[in-house]
Amino acid sequence: MRAAVYRDVGRIEIGEVPDPTIEDPADAIVRVHLSAICGSDLHFFHGKAPLEPGETIGHEAVGVVEAMGPGVKRFAPGDRVVISFVIACGACWFCRNGQSQLCDDFRNLGAGIFGGNLGGAQAELVRVPVADVNLLRVPDDVDEERALFVGDILTTGVYAAGIAGIRTGDTVAVVGAGPVGFFAVQAARAAGAGQVLALDLEPERLTLAEGVGAIAIDVSEHNAQTAVDEHTGGRGADVVIDAVGSAPAFERAVDVVRRGGTVVIVGMYTSETIQAQVGVWWTRAITVRFAGICPVHAWWERAMEAVRSREIDPAPIVSHQLTLDEVALGYELFDTHRATKVLLRP
Amino acid sequence: MALFPSAEWISLYRDLINGSEEYREAGKTWEGDIAFVFEAEPDHGVPDDLVAWLDLRHGVCHGARMIEEGDGAAYEIRAPYSRWREVVLGDLDPVKGMMQGKLKVRGDLPNIVRHVRAANELVHLTTLVPTEFMGNR
């Protein structure tokens, strides 16, 4: 089959690889109709996380069940499904308690040795372990372009807003209006926020956030703290969602939250360090909630419903629809921020 | 009138500090230079970050000037420019501002809090400098 193949740092190309096969009775093989390039794929593209040359990549995909092992009970060939980017066992204590991102057997598609050596979803076919857990049926009235992101970034935005404890009328500031921020804006509005402030440097991202109801704040033009104060009577935001994952973004998030407010850190952190006056945080009585990776399984049904009911609209984030054969171009566009989201159709 | 902050403003301020009996007494156990970072507010006429530096030891200001970066100072206090203006105008108590995160401190915050009288006198002295603010607010 054809698949996106990692060749070297900065080089992902279309290639031929063996078709995946059922390796476990709980496996399903999904024929991919649409996949996407995710920000976390760029960690591999840049060599920050290891992939071996020849390995496949990608974890955001929607398609139909092509084949399945005898242990799969909830699906049948031909079912339209979206794939969870977290591949969880579904049986351990964490999975049973809604924290599948902490699964004892946590895996990712297309993440090489880090992800348990599973194949990537930017391909014609992909093997999905524990299919009954890691696939979600796509409702008949939801098209695949809109269902695709329920497996990852859309649900991550819903999760971030969901754990923030947003109350009706709250001011929510979203630091970073990239794909996760874009969905966090919509989820915050759906959760009852009175106003959502989107803070970013990139005009295109701010325009997208504005298009789904945010007040755009270009932090190259406005001091973030001053701007948020101006929208909150000098108080600060009730809830801040850091959708970036960098030390400056973290500090900005803590700067703009009000006393007694909540900061949800959903952006991905690896080895960053910050200096903090913990006593000041304590005095300010702020809650800093590290979201970690999204436990997709606990949140994707409500996320899918939000898509189905059009409370959340994924369409504006998609800037490019390419064929799978054009995957190298897709990575180039996404990596250079000329694309907000790239879809790949085999 | 001196533009806040500027070399002229800092020089006038240093002279006021060194002429203050109150500060000499309140700050006699203070050691450590301080960088005051005035964060840019491009939409309000402050295009770039500005940094003022004071070398304060034992109740005396030994040096005061505008500098490029505040990283090397023992203490750094940072806030948007408009917030500093609130401090100078007496609308924001600086120690309260630090505890509320409105003024961000790098360095030994408890030591600053212990020298609250010195801090208050420093703020009081800013009000005696004939000051013109930057920007359009």
# chains A, B, ... in the order shown; residues from 1 in each chain; ligands from 1
>>> interface_residues(of="chain B", to="chain A", cutoff="6 Å", atoms="only C-alpha atoms", output="MDAnalysis selection string")
chainID B and resid 41:43 99:100
>>> select_by_dssp(residues="chain B", states="helix (DSSP H, G or I)", output="PyMOL selection string")
chain B and resi 7-18+21-26+42-44+81-88+94-99+109-114+116-126
>>> residues_around(residues="segment 3-8 of chain B", least_positions_apart="6", cutoff="7 Å", atoms="only C-alpha atoms", output="list of chain:residue names")
B:Arg65, B:Met66, B:Thr131, B:Glu132, B:Phe133, B:Met134
>>> residues_around(residues="Arg106 of chain B", least_positions_apart="2", cutoff="12 Å", atoms="only C-alpha atoms", output="count of residues only")
30
>>> residues_around(residues="Asn117 of chain A", least_positions_apart="4", cutoff="9 Å", atoms="only C-alpha atoms", output="ChimeraX atom specification")
/A:55,107-113
>>> residues_around(residues="segment 146-157 of chain A", least_positions_apart="3", cutoff="9 Å", atoms="only C-alpha atoms", output="PyMOL selection string")
chain A and resi 34-36+38+59-63+81-86+135-136+138-139+142-143+160-162+179-188+243+266+293-297+299-304+307-308+312-315
>>> write_last_selection(atoms="C-alpha atoms", output="PDB file, in the first residue's frame")
ATOM      1  CA  LEU A  34      -8.956  11.024   5.042  1.00  0.00           C
ATOM      2  CA  SER A  35      -6.028  11.763   7.317  1.00  0.00           C
ATOM      3  CA  ALA A  36      -4.447  14.960   8.590  1.00  0.00           C
ATOM      4  CA  CYS A  38      -0.890  17.151  13.171  1.00  0.00           C
ATOM      5  CA  HIS A  59      -2.502   9.393  13.743  1.00  0.00           C
ATOM      6  CA  GLU A  60      -5.496  11.547  12.705  1.00  0.00           C
ATOM      7  CA  ALA A  61      -7.704   9.557  10.377  1.00  0.00           C
ATOM      8  CA  VAL A  62     -11.240   8.644   9.440  1.00  0.00           C
ATOM      9  CA  GLY A  63     -12.339   5.780   7.205  1.00  0.00           C
ATOM     10  CA  VAL A  81     -15.143   5.229  12.007  1.00  0.00           C
ATOM     11  CA  VAL A  82     -12.762   7.820  13.385  1.00  0.00           C
ATOM     12  CA  ILE A  83      -9.588   6.637  15.101  1.00  0.00           C
ATOM     13  CA  SER A  84      -8.390   7.784  18.520  1.00  0.00           C
ATOM     14  CA  PHE A  85      -4.864   9.157  18.469  1.00  0.00           C
ATOM     15  CA  VAL A  86      -4.413   7.572  21.913  1.00  0.00           C
ATOM     16  CA  LEU A 135     -12.625   3.476  17.127  1.00  0.00           C
ATOM     17  CA  LEU A 136     -15.712   5.666  17.286  1.00  0.00           C
ATOM     18  CA  VAL A 138     -19.248   8.353  12.705  1.00  0.00           C
ATOM     19  CA  PRO A 139     -22.969   9.263  12.699  1.00  0.00           C
ATOM     20  CA  VAL A 142     -21.664  13.830   9.955  1.00  0.00           C
ATOM     21  CA  ASP A 143     -19.350  13.925   6.970  1.00  0.00           C
ATOM     22  CA  ALA A 160      -9.411  21.639  27.786  1.00  0.00           C
ATOM     23  CA  ALA A 161     -12.608  23.649  28.097  1.00  0.00           C
ATOM     24  CA  GLY A 162     -14.331  20.804  29.896  1.00  0.00           C
ATOM     25  CA  PRO A 179      -5.607  24.103  15.824  1.00  0.00           C
ATOM     26  CA  VAL A 180      -6.146  23.139  19.480  1.00  0.00           C
ATOM     27  CA  GLY A 181      -6.734  26.770  20.448  1.00  0.00           C
ATOM     28  CA  PHE A 182      -9.206  27.116  17.583  1.00  0.00           C
ATOM     29  CA  PHE A 183     -11.266  24.251  18.971  1.00  0.00           C
ATOM     30  CA  ALA A 184     -10.809  25.403  22.574  1.00  0.00           C
ATOM     31  CA  VAL A 185     -12.352  28.751  21.589  1.00  0.00           C
ATOM     32  CA  GLN A 186     -15.436  27.014  20.226  1.00  0.00           C
ATOM     33  CA  ALA A 187     -15.670  24.602  23.142  1.00  0.00           C
ATOM     34  CA  ALA A 188     -15.385  27.451  25.632  1.00  0.00           C
ATOM     35  CA  ALA A 243      -2.829  25.835  23.924  1.00  0.00           C
ATOM     36  CA  VAL A 266      -3.192  21.692  27.338  1.00  0.00           C
ATOM     37  CA  ILE A 293      -2.532  14.338  26.705  1.00  0.00           C
ATOM     38  CA  CYS A 294      -6.244  14.297  26.014  1.00  0.00           C
ATOM     39  CA  PRO A 295      -8.037  11.154  27.227  1.00  0.00           C
ATOM     40  CA  VAL A 296      -9.929  11.025  23.962  1.00  0.00           C
ATOM     41  CA  HIS A 297     -12.105   8.071  24.884  1.00  0.00           C
ATOM     42  CA  TRP A 299     -14.565  12.945  25.726  1.00  0.00           C
ATOM     43  CA  TRP A 300     -15.027  12.008  22.089  1.00  0.00           C
ATOM     44  CA  GLU A 301     -18.685  11.107  22.191  1.00  0.00           C
ATOM     45  CA  ARG A 302     -19.643  14.558  23.482  1.00  0.00           C
ATOM     46  CA  ALA A 303     -17.173  16.077  20.993  1.00  0.00           C
ATOM     47  CA  MET A 304     -18.811  14.186  18.139  1.00  0.00           C
ATOM     48  CA  VAL A 307     -19.846  18.493  15.759  1.00  0.00           C
ATOM     49  CA  ARG A 308     -23.096  16.821  14.779  1.00  0.00           C
ATOM     50  CA  ILE A 312     -18.323  23.152  16.898  1.00  0.00           C
ATOM     51  CA  ASP A 313     -17.368  23.684  13.278  1.00  0.00           C
ATOM     52  CA  PRO A 314     -14.054  22.187  12.153  1.00  0.00           C
ATOM     53  CA  ALA A 315     -14.274  23.357   8.551  1.00  0.00           C
TER      54      ALA A 315
END
>>> closest_residue(among="B:Asp15, B:Trp9, B:Arg24, B:Leu56", to="Glu121 of chain B", atoms="only C-alpha atoms")
B:Arg24
>>> atom_distance(atom1="atom CA of Arg235 of chain A", atom2="atom CA of Ala193 of chain A")
15.9 Å
>>> closest_residue(among="A:Pro129, A:Ala88, A:Thr340, A:Glu23", to="Ala177 of chain A", atoms="only C-alpha atoms")
A:Thr340
>>> closest_residue(among="A:Ala173, A:Ile317, A:Ile286, A:Val133", to="Gly211 of chain A", atoms="only C-alpha atoms")
A:Ile317
>>> closest_residue(among="A:Glu272, A:Glu210, A:Asp19, A:Glu311", to="Gly119 of chain A", atoms="only C-alpha atoms")
A:Asp19
